[in-house]
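Novice: Take a look at this one; I'll ask things after.
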Amino acid sequence: MTEKEMLQRNIEEFVQLQTYMLLCEKDSEVYKVMKIRYNALKVILTSCGINLTELDRIKE
C-alpha cells in the first residue's frame, strides 16, 4: 500500500467514524471507545500535514 493510499484510507475512516460518533450519546461507552480512535486518527492525519479544519465535525 502506498503512502497516498494509506492517507486516503485514514481520511475515509476519520470521516466515517465521525458520522458514527454524531449518532451516539456522548456519555455512552461506545462513544468513549470511538473517541480514542478519533484522537489517534487526528494525530496521524495532522502529523502527515492534513488540514482537518473542513473534515473535523466533532470539534472537541
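Convention: chains lettered A, B, ... in C-alpha cells order; per-chain residue numbering from 1; ligands numbered from 1 as shown.
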Would you list the contacts of segment 29-38 of chain A as a list in words, taking every protein, DNA or RNA residue within 9 Å and counting only C-alpha atoms, but skipping same-chain residues closer than 5 positions in sequence?
Specialist: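 Those residues are Phe14, Leu17, Gln18, Tyr20, Met21, Leu22, Cys24 and Val43 of chain A.
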Novice: Limited to N, CA and C atoms, could you put the picked residues into a file as an mmCIF file, in the first residue's frame?
Specialist:
```cif
data_model
loop_
_atom_site.group_PDB
_atom_site.id
_atom_site.type_symbol
_atom_site.label_atom_id
_atom_site.label_comp_id
_atom_site.auth_asym_id
_atom_site.auth_seq_id
_atom_site.Cartn_x
_atom_site.Cartn_y
_atom_site.Cartn_z
ATOM 1 N N PHE A 14 -11.639 8.386 9.245
ATOM 2 C CA PHE A 14 -11.891 9.539 10.105
ATOM 3 C C PHE A 14 -13.279 10.109 9.859
ATOM 4 N N LEU A 17 -15.950 7.501 10.985
ATOM 5 C CA LEU A 17 -16.003 7.414 12.443
ATOM 6 C C LEU A 17 -16.753 8.600 13.039
ATOM 7 N N GLN A 18 -16.524 9.778 12.502
ATOM 8 C CA GLN A 18 -17.240 10.955 12.997
ATOM 9 C C GLN A 18 -18.744 10.828 12.792
ATOM 10 N N TYR A 20 -20.488 8.084 12.838
ATOM 11 C CA TYR A 20 -20.971 7.195 13.897
ATOM 12 C C TYR A 20 -20.997 7.914 15.246
ATOM 13 N N MET A 21 -19.965 8.701 15.519
ATOM 14 C CA MET A 21 -19.893 9.415 16.796
ATOM 15 C C MET A 21 -21.042 10.414 16.943
ATOM 16 N N LEU A 22 -21.414 11.051 15.856
ATOM 17 C CA LEU A 22 -22.501 12.022 15.910
ATOM 18 C C LEU A 22 -23.854 11.359 16.148
ATOM 19 N N CYS A 24 -24.205 8.805 18.286
ATOM 20 C CA CYS A 24 -24.176 8.229 19.645
ATOM 21 C C CYS A 24 -24.328 9.304 20.708
ATOM 22 N N VAL A 43 -4.307 12.630 15.229
ATOM 23 C CA VAL A 43 -2.860 12.803 15.375
ATOM 24 C C VAL A 43 -2.140 12.329 14.109
#
```
Novice: At a cut-off of 8 Å, using only C-alpha atoms, what residues contact segment 44-47 of chain A? Leave out same-chain residues fewer than 6 positions from it and give the result as a list in words.
Specialist: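 Returned residues: Leu7, Asn10 and Ile11 of chain A.
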Novice: Among chain A, which ones does DSSP assign to alpha helix (DSSP H) (computed from the backbone)? Answer as an NGL selection string.
Specialist: :A and (3-23 or 29-47)
